[in-house]
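Content type compact mmCIF, C-alpha atoms, from the file coords_4.txt:
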# COMPACT_ATOMS: atom_id res chain seq x y z
CA MET A 91 -19.07 2.88 -4.05
CA THR A 92 -17.25 6.01 -2.94
CA VAL A 93 -18.23 9.13 -1.04
CA ARG A 94 -17.57 12.28 -3.03
CA GLY A 95 -14.60 14.22 -1.66
CA LEU A 96 -14.01 11.80 1.19
CA PRO A 97 -11.79 11.06 2.90
CA MET A 98 -10.30 14.54 2.64
CA ALA A 99 -6.56 14.29 2.08
CA VAL A 100 -4.63 15.93 4.91
CA PRO A 101 -0.97 14.91 4.70
CA ALA A 102 0.96 14.40 7.93
CA PRO A 103 4.67 15.18 8.24
CA GLY A 104 7.23 12.41 8.22
CA LEU A 105 5.20 9.92 6.19
CA PRO A 106 6.03 8.35 2.82
CA THR A 107 4.35 9.76 -0.28
CA ARG A 108 3.58 6.31 -1.70
CA VAL A 109 2.93 2.88 -0.21
CA ARG A 110 3.02 -0.45 -2.00
CA ILE A 111 0.21 -2.72 -0.86
CA HIS A 112 1.11 -6.39 -0.86
CA GLU A 113 -2.34 -7.93 -1.38
CA VAL A 114 -2.70 -11.30 0.34
CA GLY A 115 -6.43 -11.98 0.08
CA ALA A 116 -6.21 -14.59 -2.66
CA ARG A 117 -3.69 -16.65 -0.68
CA ASP A 118 -3.64 -15.85 3.02
CA GLY A 119 -7.31 -14.90 2.92
CA LEU A 120 -8.77 -17.85 1.06
CA GLN A 121 -6.57 -20.48 2.73
CA ASN A 122 -8.42 -19.83 5.98
CA GLU A 123 -11.91 -20.27 4.52
CA LYS A 124 -13.87 -23.34 5.58
CA ILE A 125 -15.16 -23.81 2.05
CA THR A 126 -13.03 -24.45 -1.02
CA VAL A 127 -13.45 -21.65 -3.53
CA PRO A 128 -13.62 -22.82 -7.17
CA THR A 129 -10.51 -22.18 -9.24
CA ALA A 130 -12.37 -19.99 -11.72
CA VAL A 131 -13.64 -17.78 -8.89
CA LYS A 132 -10.12 -17.43 -7.47
CA ALA A 133 -8.83 -16.44 -10.90
CA GLU A 134 -11.55 -13.84 -11.34
CA PHE A 135 -10.82 -12.52 -7.85
CA VAL A 136 -7.17 -11.93 -8.76
CA HIS A 137 -8.13 -10.33 -12.08
CA ARG A 138 -10.56 -7.98 -10.32
CA LEU A 139 -7.92 -7.04 -7.75
CA ALA A 140 -5.52 -6.19 -10.56
CA GLU A 141 -8.17 -4.09 -12.28
CA ALA A 142 -8.62 -2.20 -9.01
CA GLY A 143 -4.99 -1.09 -9.24
CA LEU A 144 -3.18 -3.50 -6.92
CA THR A 145 0.25 -4.27 -8.36
CA THR A 146 1.42 -7.06 -6.02
CA ILE A 147 -1.11 -9.84 -5.52
CA GLU A 148 -0.07 -13.00 -3.73
CA ALA A 149 -1.70 -15.64 -5.89
CA THR A 150 -1.53 -19.00 -4.15
CA SER A 151 0.59 -21.44 -2.17
CA PHE A 152 2.52 -24.50 -3.31
CA VAL A 153 2.13 -26.20 0.05
CA HIS A 154 1.16 -29.88 0.12
CA PRO A 155 -2.64 -30.12 -0.33
CA LYS A 156 -2.88 -32.16 2.88
CA TRP A 157 -1.93 -29.08 4.91
CA VAL A 158 -3.83 -26.39 2.98
CA PRO A 159 -6.53 -28.11 0.93
CA GLN A 160 -8.14 -24.77 0.05
CA LEU A 161 -5.16 -24.02 -2.21
CA ALA A 162 -4.69 -27.49 -3.68
CA ASP A 163 -5.40 -26.11 -7.18
CA ALA A 164 -2.23 -24.00 -7.43
CA GLU A 165 -1.14 -25.73 -10.66
CA GLN A 166 -4.54 -25.08 -12.24
CA LEU A 167 -4.86 -21.49 -10.98
CA PHE A 168 -1.48 -19.97 -11.76
CA PRO A 169 -1.67 -20.40 -15.57
CA LEU A 170 -5.03 -18.58 -15.53
CA LEU A 171 -3.24 -15.49 -14.26
CA SER A 172 -0.57 -15.30 -16.95
CA GLY A 173 -0.52 -12.03 -18.79
CA LEU A 174 -1.65 -9.92 -15.86
CA PRO A 175 0.58 -6.81 -15.60
CA VAL A 176 1.19 -7.34 -11.87
CA GLU A 177 3.58 -9.18 -9.60
CA LEU A 178 2.20 -12.59 -8.53
CA PRO A 179 4.18 -13.94 -5.56
CA VAL A 180 3.50 -17.49 -4.39
CA LEU A 181 4.29 -19.24 -1.12
CA VAL A 182 6.72 -22.17 -1.26
CA PRO A 183 7.43 -24.22 1.89
CA ASN A 184 10.35 -26.29 0.64
CA GLU A 185 12.30 -27.31 -2.47
CA ARG A 186 9.42 -29.40 -3.80
CA GLY A 187 7.15 -26.39 -3.59
CA LEU A 188 9.79 -24.29 -5.32
CA ASP A 189 10.05 -26.85 -8.13
CA ARG A 190 6.28 -26.70 -8.68
CA ALA A 191 6.28 -22.89 -8.71
CA LEU A 192 9.25 -22.53 -11.05
CA ALA A 193 7.77 -25.07 -13.46
CA LEU A 194 4.84 -22.68 -13.94
CA GLY A 195 7.05 -19.63 -14.42
CA ALA A 196 6.73 -17.98 -11.00
CA ARG A 197 9.22 -15.12 -10.59
CA ARG A 198 8.46 -14.14 -6.99
CA VAL A 199 8.31 -16.66 -4.15
CA ALA A 200 7.99 -16.50 -0.38
CA VAL A 201 9.11 -18.71 2.47
CA PHE A 202 7.30 -18.76 5.81
CA ALA A 203 9.41 -18.77 8.97
CA SER A 204 8.61 -18.40 12.66
CA ALA A 205 10.17 -16.29 15.39
CA THR A 206 9.09 -18.80 18.05
CA GLU A 207 9.77 -22.46 18.67
CA SER A 208 6.14 -23.28 19.46
CA PHE A 209 4.78 -21.96 16.19
CA ALA A 210 7.64 -23.48 14.20
CA LYS A 211 6.67 -26.83 15.67
CA ALA A 212 2.93 -26.31 15.05
CA ASN A 213 3.30 -24.95 11.52
CA LEU A 214 6.43 -26.66 10.20
CA ASN A 215 7.00 -29.54 12.62
CA ARG A 216 10.56 -28.27 13.06
CA THR A 217 12.56 -26.09 15.39
CA VAL A 218 13.30 -22.52 14.31
CA ASP A 219 16.84 -23.43 13.29
CA GLU A 220 15.71 -26.59 11.48
CA SER A 221 13.20 -24.57 9.49
CA LEU A 222 15.83 -22.02 8.55
CA ALA A 223 18.06 -24.87 7.36
CA MET A 224 15.17 -26.14 5.24
CA PHE A 225 14.68 -22.72 3.66
CA HIS A 226 18.35 -22.16 2.85
CA PRO A 227 18.48 -24.25 -0.36
CA VAL A 228 15.07 -22.89 -1.40
CA VAL A 229 16.29 -19.30 -1.19
CA GLU A 230 19.66 -20.14 -2.70
CA ARG A 231 18.13 -21.86 -5.74
CA ALA A 232 15.53 -19.17 -6.24
CA LYS A 233 18.12 -16.39 -6.13
CA ALA A 234 20.39 -18.31 -8.52
CA GLY A 235 17.50 -18.28 -11.00
CA GLY A 236 16.89 -14.54 -10.62
CA VAL A 237 13.69 -15.05 -8.61
CA HIS A 238 12.69 -12.51 -5.98
CA VAL A 239 12.36 -14.00 -2.49
CA ARG A 240 10.24 -12.70 0.37
CA GLY A 241 10.66 -14.03 3.88
CA TYR A 242 7.54 -14.11 6.02
CA LEU A 243 8.24 -14.11 9.73
CA SER A 244 5.31 -15.01 11.95
CA MET A 245 4.81 -14.38 15.69
CA CYS A 246 6.97 -11.26 15.72
CA PHE A 247 4.98 -9.61 18.50
CA GLY A 248 3.36 -12.41 20.46
CA ASP A 249 2.75 -16.15 20.45
CA PRO A 250 -0.39 -17.97 21.72
CA TRP A 251 1.74 -20.57 23.51
CA GLU A 252 4.77 -18.55 24.59
CA GLY A 253 3.24 -15.12 25.19
CA ALA A 254 5.45 -12.07 24.65
CA VAL A 255 8.27 -12.60 22.16
CA PRO A 256 11.58 -10.86 23.04
CA VAL A 257 12.67 -8.38 20.37
CA PRO A 258 16.24 -9.83 20.12
CA GLN A 259 14.70 -13.23 19.35
CA VAL A 260 12.84 -11.75 16.37
CA VAL A 261 15.89 -9.81 15.21
CA ARG A 262 17.99 -13.00 15.20
CA VAL A 263 15.65 -14.78 12.79
CA CYS A 264 15.30 -11.67 10.61
CA ARG A 265 19.09 -11.47 10.37
CA ALA A 266 19.26 -15.13 9.36
CA LEU A 267 16.67 -14.66 6.60
CA ILE A 268 18.45 -11.61 5.21
CA ASP A 269 21.83 -13.35 5.35
CA MET A 270 20.25 -16.30 3.58
CA GLY A 271 19.42 -14.03 0.64
CA CYS A 272 15.83 -12.91 1.16
CA ASP A 273 15.14 -9.67 -0.71
CA GLU A 274 12.49 -8.50 1.74
CA LEU A 275 10.94 -9.49 5.04
CA SER A 276 7.31 -9.32 6.13
CA LEU A 277 7.00 -8.85 9.89
CA GLY A 278 3.89 -10.73 10.98
CA ASP A 279 1.68 -9.94 13.95
CA THR A 280 0.04 -13.32 13.56
CA ILE A 281 -2.34 -13.10 16.51
CA GLY A 282 -2.86 -9.34 16.39
CA VAL A 283 -1.37 -8.40 19.77
CA ALA A 284 1.09 -5.70 18.68
CA THR A 285 0.79 -2.08 19.76
CA PRO A 286 2.48 0.96 18.16
CA GLY A 287 5.29 1.25 20.70
CA HIS A 288 6.17 -2.41 20.23
CA VAL A 289 6.23 -1.91 16.45
CA GLU A 290 8.58 1.06 16.78
CA GLU A 291 10.86 -0.86 19.14
CA LEU A 292 11.22 -3.81 16.76
CA LEU A 293 11.83 -1.60 13.72
CA THR A 294 14.45 0.37 15.64
CA ALA A 295 16.20 -2.83 16.71
CA LEU A 296 16.23 -4.12 13.14
CA GLY A 297 17.77 -0.86 11.96
CA GLU A 298 20.46 -1.13 14.62
CA GLU A 299 21.15 -4.65 13.32
CA GLY A 300 21.82 -3.15 9.89
CA ILE A 301 18.64 -4.35 8.20
CA PRO A 302 17.40 -1.48 5.99
CA VAL A 303 13.81 -0.34 6.40
CA SER A 304 13.47 -0.57 2.60
CA ALA A 305 13.69 -4.37 2.98
CA LEU A 306 10.82 -4.51 5.47
CA GLY A 307 7.08 -4.90 5.13
CA VAL A 308 4.48 -5.25 7.87
CA HIS A 309 1.63 -7.74 8.18
CA PHE A 310 -0.89 -6.92 10.89
CA HIS A 311 -3.98 -8.73 12.09
CA ASP A 312 -6.82 -6.77 13.67
CA THR A 313 -7.64 -9.06 16.60
CA TYR A 314 -7.52 -6.21 19.12
CA GLY A 315 -8.35 -3.40 16.69
CA GLN A 316 -4.72 -2.23 16.46
CA ALA A 317 -3.86 -2.95 12.84
CA LEU A 318 -4.21 0.59 11.46
CA ALA A 319 -2.50 2.17 14.46
CA ASN A 320 0.38 -0.26 14.09
CA THR A 321 0.56 0.45 10.37
CA LEU A 322 0.78 4.19 11.02
CA ALA A 323 3.62 3.58 13.49
CA ALA A 324 5.46 1.58 10.82
CA LEU A 325 4.92 4.28 8.19
CA ARG A 326 6.36 6.89 10.54
CA HIS A 327 9.42 4.68 10.83
CA GLY A 328 9.85 4.65 7.03
CA VAL A 329 8.17 1.37 6.06
CA THR A 330 6.56 1.62 2.61
CA THR A 331 5.28 -1.95 2.08
CA VAL A 332 2.12 -3.01 3.89
CA ASP A 333 0.38 -6.38 3.61
CA ALA A 334 -3.41 -6.32 3.52
CA SER A 335 -6.28 -8.55 2.49
CA ALA A 336 -9.21 -7.46 0.34
CA GLY A 337 -12.35 -7.44 2.44
CA GLY A 338 -10.38 -8.40 5.56
CA LEU A 339 -10.29 -12.07 4.56
CA GLY A 340 -8.11 -14.52 6.41
CA GLY A 341 -6.38 -15.36 9.63
CA CYS A 342 -4.06 -18.27 10.27
CA PRO A 343 -5.21 -21.91 10.25
CA PHE A 344 -2.35 -22.89 12.58
CA ALA A 345 -3.00 -20.20 15.23
CA LYS A 346 -6.62 -20.43 16.35
CA SER A 347 -6.55 -17.07 18.15
CA ALA A 348 -5.69 -15.23 14.93
CA THR A 349 -8.52 -13.28 13.38
CA GLY A 350 -8.67 -11.48 10.07
CA ASN A 351 -5.95 -9.58 8.30
CA LEU A 352 -5.97 -5.83 7.98
CA ALA A 353 -8.59 -5.08 5.32
CA THR A 354 -7.12 -3.52 2.19
CA GLU A 355 -10.06 -1.12 1.92
CA ASP A 356 -9.57 0.14 5.48
CA LEU A 357 -5.87 0.66 4.74
CA VAL A 358 -6.57 2.50 1.48
CA TRP A 359 -9.10 4.77 3.21
CA MET A 360 -6.52 5.77 5.85
CA LEU A 361 -3.70 6.23 3.34
CA THR A 362 -5.91 8.31 1.05
CA GLY A 363 -6.80 10.54 3.98
CA LEU A 364 -3.09 10.99 4.69
CA GLY A 365 -2.43 11.98 1.07
CA ILE A 366 -0.39 8.82 0.46
CA ASP A 367 -0.62 7.36 -3.05
CA THR A 368 -1.41 3.65 -3.47
CA GLY A 369 -2.60 3.53 -7.07
CA VAL A 370 -5.73 1.69 -5.90
CA ASP A 371 -9.26 2.55 -7.06
CA LEU A 372 -11.18 2.21 -3.79
CA GLY A 373 -14.57 1.95 -5.49
CA ARG A 374 -13.45 -0.97 -7.65
CA LEU A 375 -11.78 -2.64 -4.70
CA VAL A 376 -14.91 -2.40 -2.56
CA ALA A 377 -17.00 -3.79 -5.42
CA THR A 378 -14.56 -6.71 -5.69
CA SER A 379 -14.81 -7.51 -1.99
CA VAL A 380 -18.62 -7.30 -2.09
CA TRP A 381 -18.53 -9.69 -5.04
CA MET A 382 -16.25 -12.14 -3.20
CA ALA A 383 -18.33 -11.90 -0.03
CA GLY A 384 -21.29 -13.01 -2.11
CA ARG A 385 -19.34 -16.03 -3.31
CA LEU A 386 -18.41 -16.90 0.27
CA GLY A 387 -21.94 -16.44 1.51
CA ARG A 388 -21.19 -13.92 4.25
CA PRO A 389 -20.61 -10.16 4.58
CA SER A 390 -17.15 -8.66 4.48
CA PRO A 391 -15.70 -7.81 7.91
CA SER A 392 -14.08 -4.67 6.48
CA ARG A 393 -15.65 -1.57 7.98
CA THR A 394 -14.92 0.46 4.85
CA VAL A 395 -16.54 -2.15 2.63
CA ARG A 396 -19.62 -2.16 4.84
CA ALA A 397 -19.82 1.64 5.02
CA LEU A 398 -19.38 2.25 1.29
CA SER A 399 -21.58 -0.62 0.14
CA HIS A 400 -24.27 0.64 2.57
CA GLU A 401 -23.96 4.13 1.10
CA ASP A 402 -24.29 2.66 -2.37
CA ALA A 403 -27.36 0.61 -1.39
CA GLU A 404 -29.04 3.63 0.20
CA GLY A 405 -28.30 5.70 -2.88
CA GLN A 406 -29.81 3.04 -5.11
CA GLU A 407 -32.93 2.88 -2.95
CA GLY A 408 -33.24 6.66 -3.12
CA ARG A 409 -32.92 6.67 -6.91
CA GLU A 410 -35.59 3.98 -7.24
CA ALA A 411 -37.94 5.86 -4.88
CA HIS A 412 -37.46 9.04 -6.89
CA LYS A 413 -38.37 7.18 -10.09
CA GLU A 414 -41.55 5.85 -8.52
CA GLN A 415 -42.60 9.39 -7.59

As C-alpha cells, the full file:
Amino acid sequence: MTVRGLPMAVPAPGLPTRVRIHEVGARDGLQNEKITVPTAVKAEFVHRLAEAGLTTIEATSFVHPKWVPQLADAEQLFPLLSGLPVELPVLVPNERGLDRALALGARRVAVFASATESFAKANLNRTVDESLAMFHPVVERAKAGGVHVRGYLSMCFGDPWEGAVPVPQVVRVCRALIDMGCDELSLGDTIGVATPGHVEELLTALGEEGIPVSALGVHFHDTYGQALANTLAALRHGVTTVDASAGGLGGCPFAKSATGNLATEDLVWMLTGLGIDTGVDLGRLVATSVWMAGRLGRPSPSRTVRALSHEDAEGQEGREAHKEQ
C-alpha cells in the first residue's frame, strides 16, 4: 500500500528533521464512534499501530463510563497492552481516574482542560478555574509518582458557543497548566476553525509568556480542510509534536460541530514529502486503518488511506487479470 518513490522528499528550510506523532485514534478516535468496539479489537488496533512504528499511542480514557461508554473497558484493555515498547498515555479526568490508571501501571497521563467557559461547562460541568482546581491534585500526585503529565487544552482557536477565542485567554490557561506541573501541552483546535496565521499568533504569544515550544504539541481537526496547513505553520514555529488519528477517526462528543481529527496517514505523507522523519511505516499504517475501517463498517475518511488502498486494489485487479490471460 505505497507508491514507489512517492512522495518525493524535498526538504524545506526552517523545519524540524524529526516529528513525534502522538497517535490518538485508539482513544480520541474510538470514543466518538456510535458503536462500541470490542476490547480485543481495540487491543489489536493498538498493537498494529505500534508495529507500524508509532511510538506514542494514547490507549484509553479513565473517564466515568456514563460519560464515555465507548471506553468503559479501560481496566480490561490496558493490561492487554503491557509489554509493548511504546508510550501508552491515558486520559484521567480527576483523582479517581488517576487512581484507576496508576493501579494498572500507567506512566503517562493526560488531563483535559478548556480555554472557554462554555466548553468547560459542557464538558466538565465546571468553570475554567474550577476545572483547573480539580486538576491540580491530579497533576501534583502524578508528578510526585514520577508520571509524565500532558495537558490537553480544547477550544484554543474557536468555540461553537462563544465564537473567536482571544489569544490572551488561551495563554492564561496554558500558563496555569504549566505552572501546575504539566510536562507538555496539546493545543486543541476542537472545532477545526484555526488558520495558519492564528496558529502562528498563538505560538508567538506562548513564547513571549515563557512557555518553551519544546513543551507544546498541536491537535488539529480538519473541519474546514485546514489541518495540514495549520500543522505546517506550527512546524515552522518549531513545534515537533503533532497529534493525529489513524484513518482520521474521531471528533468530539461534546462539541457537535467538530469533525474528524487530522488523519495520521495524511500527516505522514506530508512529512515524508518534506524529508521529515517520523519512524512510521506508511504502508503498515494504511493497512491498519483499512482493517479498522472494516471493523467499523465504513470507509476511512483519510484521503491518503483511500488513495493508497485504491492503488493497491487496482494493482491486485491487474495482477489477477494478467494471470487469467

* Asked: Which residues come within 7 Å of segment 240-248 of chain A, counting only C-alpha atoms, excluding same-chain residues fewer than 5 positions away, as a ChimeraX atom specification?
  -> /A:199-206,253-255,260,267,272-281,283-284

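Using all atoms listed in the file, the smallest distance between any of A:Glu141, A:Glu148, A:Asp249, A:Asp189 and Asp118 of chain A comes from A:Glu148.
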
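For the set A:Ala383, A:Val358, A:Ala324, A:Leu306, the residue with the smallest atom-to-atom gap to Gly143 of chain A is A:Val358, counting only C-alpha atoms.
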
Return as CSV the residues of segment 209-273 of chain A lying at most 9 Å from segment 293-297 of chain A, together with the closest atom-to-atom pair for each and the distance in Å to one decimal, counting all atoms listed in the file, with rows in chain order and ascending residue number.
residue,atom,partner,partner_atom,distance
A:Val257,CA,A:Ala295,CA,7.5
A:Pro258,CA,A:Ala295,CA,7.8
A:Val260,CA,A:Leu296,CA,9.0
A:Val261,CA,A:Leu296,CA,6.1
A:Cys264,CA,A:Leu296,CA,8.0
A:Arg265,CA,A:Leu296,CA,8.4

* To do: Show which residues sit within 10 Å of Leu322 of chain A, as a ChimeraX atom specification. Count only C-alpha atoms, and ignore same-chain residues fewer than 6 positions away.
  => /A:105,286,289,328-329,357,360-361

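Put simply, atom CA of Arg231 of chain A is 25.3 Å away from atom CA of Asp333 of chain A.
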
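Here atom CA of Leu174 of chain A stands at a distance of 7.5 Å from atom CA of His137 of chain A.
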
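Atom to atom, atom CA of Val180 of chain A and atom CA of Gly282 of chain A stand 23.2 Å apart.
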
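In this comparison, which uses all atoms listed in the file, the residue of A:Leu194, A:Val370, A:Ala323, A:Val380 approaching Ile111 of chain A most closely is A:Val370.
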
* For segment 94-100 of chain A, please output as a PyMOL selection string all residues within 10 Å (counting only C-alpha atoms; exclusion window: fewer than 3 positions along the same chain). => chain A and resi 91+103+359-366

* Which residue gives the smallest distance to Arg108 of chain A among A:Gly387, A:Gly369, A:Gly235, A:Pro159, with only C-alpha atoms counted? -> A:Gly369

* Asked: Do you know which residues are at most 8 Å from Phe152 of chain A counting only C-alpha atoms, after dropping those on the same chain fewer than 3 positions away, and could you put them as a PyMOL selection string?
  -> chain A and resi 161-162+164+180-183+187-188+190-191

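Nearest residue to Leu339 of chain A among A:Gln166, A:Ser390, A:Ser208, A:Thr321 is A:Ser390, counting all atoms listed in the file.
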
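Considering all atoms listed in the file, the residue among A:Val237, A:Ala266, A:Ala133, A:Leu167 positioned nearest to Ala196 of chain A is A:Val237.
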
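By only C-alpha atoms, and with residues fewer than 3 positions from segment 216-230 of chain A along its chain excluded, the set lying at most 6 Å from it is Glu185, Glu207, Ala210, Lys211 and Lys233 of chain A.
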